[in-house]
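*Asks:* query-v5.pdb (PDB, C-alpha atoms and all ligand atoms) pasted underneath:
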ATOM      1  CA  MET A   4       0.000   0.000   0.000  1.00  0.00           C
ATOM      2  CA  ASP A   5       1.325   3.360  -0.979  1.00  0.00           C
ATOM      3  CA  ILE A   6      -0.256   6.461   0.544  1.00  0.00           C
ATOM      4  CA  GLN A   7       0.324   9.906  -0.950  1.00  0.00           C
ATOM      5  CA  THR A   8       0.242  12.984   1.277  1.00  0.00           C
ATOM      6  CA  GLN A   9      -0.145  16.549   0.097  1.00  0.00           C
ATOM      7  CA  ILE A  10      -0.470  19.743   2.149  1.00  0.00           C
ATOM      8  CA  LEU A  11      -3.028  21.994   0.445  1.00  0.00           C
ATOM      9  CA  LYS A  12      -2.609  25.750   0.141  1.00  0.00           C
ATOM     10  CA  PRO A  13      -3.742  28.094   1.589  1.00  0.00           C
ATOM     11  CA  SER A  14      -5.726  26.117   4.203  1.00  0.00           C
ATOM     12  CA  GLY A  15      -2.848  23.866   5.238  1.00  0.00           C
ATOM     13  CA  ALA A  16      -5.236  20.882   5.086  1.00  0.00           C
ATOM     14  CA  LEU A  17      -3.692  17.458   4.565  1.00  0.00           C
ATOM     15  CA  LEU A  18      -4.942  15.498   1.560  1.00  0.00           C
ATOM     16  CA  LEU A  19      -4.447  11.725   1.649  1.00  0.00           C
ATOM     17  CA  THR A  20      -4.794   9.805  -1.600  1.00  0.00           C
ATOM     18  CA  LEU A  21      -4.416   6.183  -2.668  1.00  0.00           C
ATOM     19  CA  ASP A  22      -4.055   4.874  -6.198  1.00  0.00           C
ATOM     20  CA  ALA A  23      -6.626   2.281  -7.334  1.00  0.00           C
ATOM     21  CA  GLU A  24      -4.430  -0.689  -6.425  1.00  0.00           C
ATOM     22  CA  SER A  25      -3.575   0.602  -2.919  1.00  0.00           C
ATOM     23  CA  GLN A  26      -7.203   1.591  -2.366  1.00  0.00           C
ATOM     24  CA  ALA A  27      -8.400  -1.955  -3.088  1.00  0.00           C
ATOM     25  CA  GLU A  28      -5.709  -3.403  -0.840  1.00  0.00           C
ATOM     26  CA  PHE A  29      -6.500  -0.962   1.998  1.00  0.00           C
ATOM     27  CA  ALA A  30     -10.264  -1.681   1.743  1.00  0.00           C
ATOM     28  CA  GLU A  31      -9.485  -5.396   1.978  1.00  0.00           C
ATOM     29  CA  GLU A  32      -7.220  -4.897   5.028  1.00  0.00           C
ATOM     30  CA  MET A  33      -9.842  -2.705   6.759  1.00  0.00           C
ATOM     31  CA  ALA A  34     -12.423  -5.486   6.344  1.00  0.00           C
ATOM     32  CA  ARG A  35     -10.220  -8.227   7.853  1.00  0.00           C
ATOM     33  CA  PRO A  36     -11.655  -9.321  11.232  1.00  0.00           C
ATOM     34  CA  ASP A  37      -8.237 -10.304  12.586  1.00  0.00           C
ATOM     35  CA  ARG A  38      -6.861  -6.768  12.206  1.00  0.00           C
ATOM     36  CA  THR A  39      -7.318  -3.827  14.562  1.00  0.00           C
ATOM     37  CA  TYR A  40      -8.493  -0.530  13.115  1.00  0.00           C
ATOM     38  CA  TRP A  41      -5.404   1.456  14.138  1.00  0.00           C
ATOM     39  CA  GLY A  42      -3.078  -1.422  13.281  1.00  0.00           C
ATOM     40  CA  THR A  43      -4.302  -1.339   9.691  1.00  0.00           C
ATOM     41  CA  ILE A  44      -4.035   2.450   9.523  1.00  0.00           C
ATOM     42  CA  CYS A  45      -0.512   2.446  10.964  1.00  0.00           C
ATOM     43  CA  ASP A  46       0.471  -0.111   8.312  1.00  0.00           C
ATOM     44  CA  LEU A  47      -0.914   2.213   5.665  1.00  0.00           C
ATOM     45  CA  PHE A  48       1.318   5.031   6.929  1.00  0.00           C
ATOM     46  CA  GLU A  49       4.361   2.833   7.427  1.00  0.00           C
ATOM     47  CA  SER A  50       6.456   4.361   4.649  1.00  0.00           C
ATOM     48  CA  GLU A  51       5.593   7.856   5.901  1.00  0.00           C
ATOM     49  CA  ILE A  52       6.458   7.009   9.522  1.00  0.00           C
ATOM     50  CA  CYS A  53       9.782   5.527   8.407  1.00  0.00           C
ATOM     51  CA  ASN A  54      10.541   8.848   6.776  1.00  0.00           C
ATOM     52  CA  GLY A  55       9.908  10.579  10.090  1.00  0.00           C
ATOM     53  CA  GLY A  56       6.586  12.164   9.275  1.00  0.00           C
ATOM     54  CA  PHE A  57       2.817  11.822   9.318  1.00  0.00           C
ATOM     55  CA  GLN A  58       1.909   9.690  12.309  1.00  0.00           C
ATOM     56  CA  PRO A  59      -1.814   8.847  12.592  1.00  0.00           C
ATOM     57  CA  PHE A  60      -3.268   8.390  16.098  1.00  0.00           C
ATOM     58  CA  ASP A  61      -6.491   8.372  18.098  1.00  0.00           C
ATOM     59  CA  GLY A  62      -6.838  11.796  19.728  1.00  0.00           C
ATOM     60  CA  GLY A  63      -8.630  10.258  22.704  1.00  0.00           C
ATOM     61  CA  ASP A  64      -6.043   7.564  23.372  1.00  0.00           C
ATOM     62  CA  GLY A  65      -3.369   8.816  25.750  1.00  0.00           C
ATOM     63  CA  ASN A  66      -3.008  12.156  24.038  1.00  0.00           C
ATOM     64  CA  PRO A  67      -5.206  14.441  26.165  1.00  0.00           C
ATOM     65  CA  PHE A  68      -2.976  17.454  25.422  1.00  0.00           C
ATOM     66  CA  VAL A  69      -4.427  17.543  21.927  1.00  0.00           C
ATOM     67  CA  GLY A  70      -7.607  18.908  23.514  1.00  0.00           C
ATOM     68  CA  LEU A  71      -9.924  16.921  21.274  1.00  0.00           C
ATOM     69  CA  THR A  72     -12.137  14.048  22.281  1.00  0.00           C
ATOM     70  CA  SER A  73     -11.493  10.946  20.227  1.00  0.00           C
ATOM     71  CA  ALA A  74     -11.056  12.399  16.772  1.00  0.00           C
ATOM     72  CA  PRO A  75      -8.562  10.648  14.523  1.00  0.00           C
ATOM     73  CA  CYS A  76      -5.478  12.850  14.238  1.00  0.00           C
ATOM     74  CA  ILE A  77      -2.336  12.946  12.145  1.00  0.00           C
ATOM     75  CA  ALA A  78       0.855  14.466  13.501  1.00  0.00           C
ATOM     76  CA  GLU A  79       3.677  15.660  11.316  1.00  0.00           C
ATOM     77  CA  GLU A  80       6.063  14.135  13.860  1.00  0.00           C
ATOM     78  CA  MET A  81       5.591  12.193  17.068  1.00  0.00           C
ATOM     79  CA  ALA A  82       8.097  10.740  19.503  1.00  0.00           C
ATOM     80  CA  SER A  83       7.672   8.795  22.749  1.00  0.00           C
ATOM     81  CA  ASP A  84       9.734   9.697  25.820  1.00  0.00           C
ATOM     82  CA  GLU A  85      11.032   7.226  28.465  1.00  0.00           C
ATOM     83  CA  ASP A  86       7.675   7.283  30.295  1.00  0.00           C
ATOM     84  CA  GLY A  87       5.866   6.311  27.104  1.00  0.00           C
ATOM     85  CA  LYS A  88       4.301   9.749  26.856  1.00  0.00           C
ATOM     86  CA  ASN A  89       3.860  10.951  23.295  1.00  0.00           C
ATOM     87  CA  HIS A  90       5.183  14.312  22.165  1.00  0.00           C
ATOM     88  CA  ILE A  91       3.916  15.850  18.977  1.00  0.00           C
ATOM     89  CA  SER A  92       5.931  18.310  17.015  1.00  0.00           C
ATOM     90  CA  GLY A  93       5.219  20.036  13.761  1.00  0.00           C
ATOM     91  CA  ARG A  94       1.762  20.362  12.325  1.00  0.00           C
ATOM     92  CA  LEU A  95      -1.300  18.579  13.637  1.00  0.00           C
ATOM     93  CA  TRP A  96      -4.351  17.625  11.547  1.00  0.00           C
ATOM     94  CA  THR A  97      -7.698  16.204  12.591  1.00  0.00           C
ATOM     95  CA  PHE A  98     -11.027  15.135  11.123  1.00  0.00           C
ATOM     96  CA  PRO A  99     -13.763  17.229  12.824  1.00  0.00           C
ATOM     97  CA  ASP A 100     -16.665  15.241  11.292  1.00  0.00           C
ATOM     98  CA  TYR A 101     -15.457  11.969  12.813  1.00  0.00           C
ATOM     99  CA  MET A 102     -18.759  11.477  14.721  1.00  0.00           C
ATOM    100  CA  ILE A 103     -20.684  11.173  11.446  1.00  0.00           C
ATOM    101  CA  ARG A 104     -18.032  10.014   8.975  1.00  0.00           C
ATOM    102  CA  ASP A 105     -15.041   7.715   9.367  1.00  0.00           C
ATOM    103  CA  PRO A 106     -12.147   9.316   7.477  1.00  0.00           C
ATOM    104  CA  PHE A 107     -10.300   6.054   6.901  1.00  0.00           C
ATOM    105  CA  LYS A 108     -13.450   4.293   5.676  1.00  0.00           C
ATOM    106  CA  GLU A 109     -13.856   7.206   3.290  1.00  0.00           C
ATOM    107  CA  LEU A 110     -10.273   6.766   2.150  1.00  0.00           C
ATOM    108  CA  ALA A 111     -10.918   3.059   1.539  1.00  0.00           C
ATOM    109  CA  GLU A 112     -14.105   3.840  -0.406  1.00  0.00           C
ATOM    110  CA  HIS A 113     -13.077   6.881  -2.429  1.00  0.00           C
ATOM    111  CA  GLY A 114      -9.284   6.764  -2.446  1.00  0.00           C
ATOM    112  CA  ARG A 115      -9.023  10.251  -0.953  1.00  0.00           C
ATOM    113  CA  VAL A 116      -9.821  12.148   2.262  1.00  0.00           C
ATOM    114  CA  THR A 117      -8.855  15.531   3.707  1.00  0.00           C
ATOM    115  CA  PHE A 118      -7.803  16.275   7.298  1.00  0.00           C
ATOM    116  CA  GLU A 119      -8.030  19.845   8.653  1.00  0.00           C
ATOM    117  CA  LEU A 120      -5.050  21.689  10.102  1.00  0.00           C
ATOM    118  CA  VAL A 121      -5.486  22.250  13.853  1.00  0.00           C
ATOM    119  CA  GLY A 122      -2.229  23.957  14.599  1.00  0.00           C
ATOM    120  CA  TYR A 123       1.438  23.716  15.311  1.00  0.00           C
ATOM    121  CA  MET A 124       2.314  21.498  18.260  1.00  0.00           C
ATOM    122  CA  GLY A 125       5.983  22.270  18.527  1.00  0.00           C
ATOM    123  CA  GLY A 126       8.137  22.913  21.514  1.00  0.00           C
ATOM    124  CA  PRO A 127       8.110  22.064  25.214  1.00  0.00           C
ATOM    125  CA  ASP A 128       5.015  21.473  27.351  1.00  0.00           C
ATOM    126  CA  ILE A 129       4.096  24.664  29.243  1.00  0.00           C
ATOM    127  CA  PRO A 130       2.209  24.246  32.565  1.00  0.00           C
ATOM    128  CA  GLU A 131      -1.304  25.680  32.489  1.00  0.00           C
ATOM    129  CA  SER A 132      -0.455  27.788  35.553  1.00  0.00           C
ATOM    130  CA  PHE A 133       2.340  29.640  33.705  1.00  0.00           C
ATOM    131  CA  PRO A 134       1.302  33.279  33.099  1.00  0.00           C
ATOM    132  CA  VAL A 135       2.294  33.165  29.417  1.00  0.00           C
ATOM    133  CA  GLN A 136       0.671  30.506  27.264  1.00  0.00           C
ATOM    134  CA  PRO A 137       1.929  29.464  23.839  1.00  0.00           C
ATOM    135  CA  LEU A 138      -0.301  30.265  20.862  1.00  0.00           C
ATOM    136  CA  ARG A 139      -0.415  27.031  18.907  1.00  0.00           C
ATOM    137  CA  THR A 140      -3.307  27.368  16.494  1.00  0.00           C
ATOM    138  CA  PRO A 141      -3.541  29.670  13.450  1.00  0.00           C
ATOM    139  CA  SER A 142      -6.617  31.416  14.930  1.00  0.00           C
ATOM    140  CA  GLU A 143      -4.894  32.062  18.281  1.00  0.00           C
ATOM    141  CA  GLN A 144      -1.874  33.447  16.456  1.00  0.00           C
ATOM    142  CA  ALA A 145      -4.000  35.640  14.188  1.00  0.00           C
ATOM    143  CA  ALA A 146      -5.683  37.186  17.266  1.00  0.00           C
ATOM    144  CA  ALA A 147      -2.360  38.180  18.915  1.00  0.00           C
ATOM    145  CA  ALA A 148      -1.570  41.901  19.137  1.00  0.00           C
ATOM    146  CA  ASP A 149       2.195  41.322  18.833  1.00  0.00           C
ATOM    147  CA  LEU A 150       3.016  37.772  17.758  1.00  0.00           C
ATOM    148  CA  VAL A 151       6.585  36.676  18.531  1.00  0.00           C
ATOM    149  CA  THR A 152       8.085  33.231  17.853  1.00  0.00           C
ATOM    150  CA  CYS A 153      11.117  31.822  19.672  1.00  0.00           C
ATOM    151  CA  GLY A 154      13.965  30.782  17.399  1.00  0.00           C
ATOM    152  CA  HIS A 155      15.541  28.294  19.833  1.00  0.00           C
ATOM    153  CA  PHE A 156      15.767  24.836  18.240  1.00  0.00           C
ATOM    154  CA  LEU A 157      14.184  23.125  21.275  1.00  0.00           C
ATOM    155  CA  CYS A 158      11.320  25.648  21.421  1.00  0.00           C
ATOM    156  CA  GLY A 159       9.764  27.372  18.400  1.00  0.00           C
ATOM    157  CA  LEU A 160       6.751  28.458  20.490  1.00  0.00           C
ATOM    158  CA  SER A 161       4.804  31.638  19.722  1.00  0.00           C
ATOM    159  CA  TRP A 162       3.270  34.072  22.186  1.00  0.00           C
ATOM    160  CA  ASP A 163       1.533  37.452  22.313  1.00  0.00           C
ATOM    161  CA  ASP A 164       4.150  39.999  23.357  1.00  0.00           C
ATOM    162  CA  GLY A 165       1.440  42.669  23.404  1.00  0.00           C
ATOM    163  CA  VAL A 166       0.091  41.290  26.702  1.00  0.00           C
ATOM    164  CA  ALA A 167       1.888  42.511  29.849  1.00  0.00           C
ATOM    165  CA  THR A 168       2.802  39.748  32.319  1.00  0.00           C
ATOM    166  CA  GLY A 169       5.767  39.165  34.620  1.00  0.00           C
ATOM    167  CA  TYR A 170       7.522  37.722  31.545  1.00  0.00           C
ATOM    168  CA  THR A 171       6.187  39.768  28.637  1.00  0.00           C
ATOM    169  CA  PRO A 172       6.894  41.933  26.797  1.00  0.00           C
ATOM    170  CA  THR A 173      10.229  40.190  26.505  1.00  0.00           C
ATOM    171  CA  PRO A 174      13.559  41.929  25.814  1.00  0.00           C
ATOM    172  CA  ALA A 175      14.654  41.422  22.195  1.00  0.00           C
ATOM    173  CA  GLY A 176      15.810  37.903  21.476  1.00  0.00           C
ATOM    174  CA  ARG A 177      14.473  36.456  24.734  1.00  0.00           C
ATOM    175  CA  CYS A 178      11.688  33.907  25.198  1.00  0.00           C
ATOM    176  CA  PRO A 179       9.228  33.716  28.138  1.00  0.00           C
ATOM    177  CA  PHE A 180       9.470  29.908  27.973  1.00  0.00           C
ATOM    178  CA  GLU A 181      13.257  29.763  28.472  1.00  0.00           C
ATOM    179  CA  ALA A 182      12.823  27.906  31.781  1.00  0.00           C
ATOM    180  CA  PHE A 183      11.135  25.107  29.839  1.00  0.00           C
ATOM    181  CA  HIS A 184      13.584  24.916  26.938  1.00  0.00           C
ATOM    182  CA  GLY A 185      15.560  22.190  28.717  1.00  0.00           C
ATOM    183  CA  SER A 186      19.194  21.673  27.854  1.00  0.00           C
ATOM    184  CA  GLU A 187      21.178  19.017  26.095  1.00  0.00           C
ATOM    185  CA  GLU A 188      23.121  18.321  29.326  1.00  0.00           C
ATOM    186  CA  GLU A 189      19.906  17.659  31.245  1.00  0.00           C
ATOM    187  CA  SER A 190      18.452  15.380  28.597  1.00  0.00           C
ATOM    188  CA  GLU A 191      21.552  13.169  28.729  1.00  0.00           C
ATOM    189  CA  SER A 192      21.311  12.499  32.476  1.00  0.00           C
TER
HETATM  190 ZN    ZN A 201      11.605  29.564  23.527  1.00  0.00          ZN
END
Starting from the file, lay out its structure as structure tokens.

*Replies:*
Amino acid sequence: MDIQTQILKPSGALLLTLDAESQAEFAEEMARPDRTYWGTICDLFESEICNGGFQPFDGGDGNPFVGLTSAPCIAEEMASDEDGKNHISGRLWTFPDYMIRDPFKELAEHGRVTFELVGYMGGPDIPESFPVQPLRTPSEQAAAADLVTCGHFLCGLSWDDGVATGYTPTPAGRCPFEAFHGSEEESES
């Protein structure tokens, strides 16, 4: 099975397509009683995951930080830490109509389905109690008075520098989330 992924402009939506042969094979796999739903879908994405991108997952299954119920999601990148907790980085897509339509059934039937862009899930986890919160979705970022994005390679978070807190506005080149950047020394211990 060979899945094709394409990020559509300007919405940023993710289009998944299968050629006729892969579509038939995927439909057959989906119908097999000895296969689990997510097992079949992960197989479909195997070549993508090997290339380090596009990881499908159940938004309700151990990923509460996504903030969605049980919508099927696709992450541009996902890694598990030592505690088995998943960390998403890059773009995140979901299928908002999942209660009425099954996106992967649709893919099996029609050979194509589109997932909507939810936002950018990069960077460290910020506690909810922290006075500055990262703006992760396009709509949150569009609403910011003074949007600033950290350039640190372990961060990449955006915030509204137009809101006065104990941390913002930040001096040029600084990031309010520096305490959460972590360091390479710490991650080795
Ligand atoms: Zn930062």

*Asks:* Decode the PyMOL selection byres (((not hetatm)) within 10 of (chain A and resi 201)) for the given file into explicit residues and return them as a PyMOL selection string.

*Replies:* chain A and resi 126-127+137+152-162+176-185

*Asks:* Restricting the calculation to only C-alpha atoms: of A:Asp164, A:Asp128, A:Asp149, A:Glu32, which residue gets closest to Phe107 (chain A)?

*Replies:* A:Glu32

*Asks:* From the set A:Glu143, A:Glu109, A:Val135, A:Leu120, which residue has the shortest atom-to-atom contact distance to Thr173 (chain A), counting all atoms listed in the file?

*Replies:*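 Checking each of A:Glu143, A:Glu109, A:Val135, A:Leu120 against Thr173 (chain A), counting all atoms listed in the file, the winner is A:Val135.
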
*Asks:* Please provide as number ranges by chain all residues within 10 Å of Ile10 (chain A), with the sequence filter that same-chain residues fewer than 6 positions apart are discarded (counting only C-alpha atoms).

*Replies:* A: 16-19, 117-120

*Asks:* Between CA of Ala23 (chain A) and CA of Ile6 (chain A), what is the distance, to one decimal in Å?

*Replies:* 11.0 Å

*Asks:* Since I can't run it myself right now, could you work out what the PyMOL selection byres (((chain A and resi 41) around 10) and not hetatm) selects here and report it as a list in words?

*Replies:*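 Checked against the file, the PyMOL selection byres (((chain A and resi 41) around 10) and not hetatm) matches Met33, Arg38, Thr39, Tyr40, Gly42, Thr43, Ile44, Cys45, Asp46, Leu47, Pro59, Phe60, Asp61, Pro75 and Phe107 of chain A.
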
*Asks:* Which distance in Å separates CA of Ser50 (chain A) and CA of His113 (chain A), to one decimal?

*Replies:* 20.9 Å

*Asks:* As a check of understanding, name the residues that the PyMOL selection byres (((chain A and resi 89-93) around 6) and not hetatm) selects in the supplied structure, as a list in words.

*Replies:*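 Selected by the PyMOL selection byres (((chain A and resi 89-93) around 6) and not hetatm) here: Glu79, Glu80, Met81, Ala82, Ser83, Lys88, Arg94, Tyr123, Met124 and Gly125 of chain A.
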
*Asks:* If you measure from CA of Phe29 (chain A) to CA of Ala111 (chain A), what distance in Å do you get, rounded to one decimal?

*Replies:*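 Straight-line distance from CA of Phe29 (chain A) to CA of Ala111 (chain A) works out to 6.0 Å.
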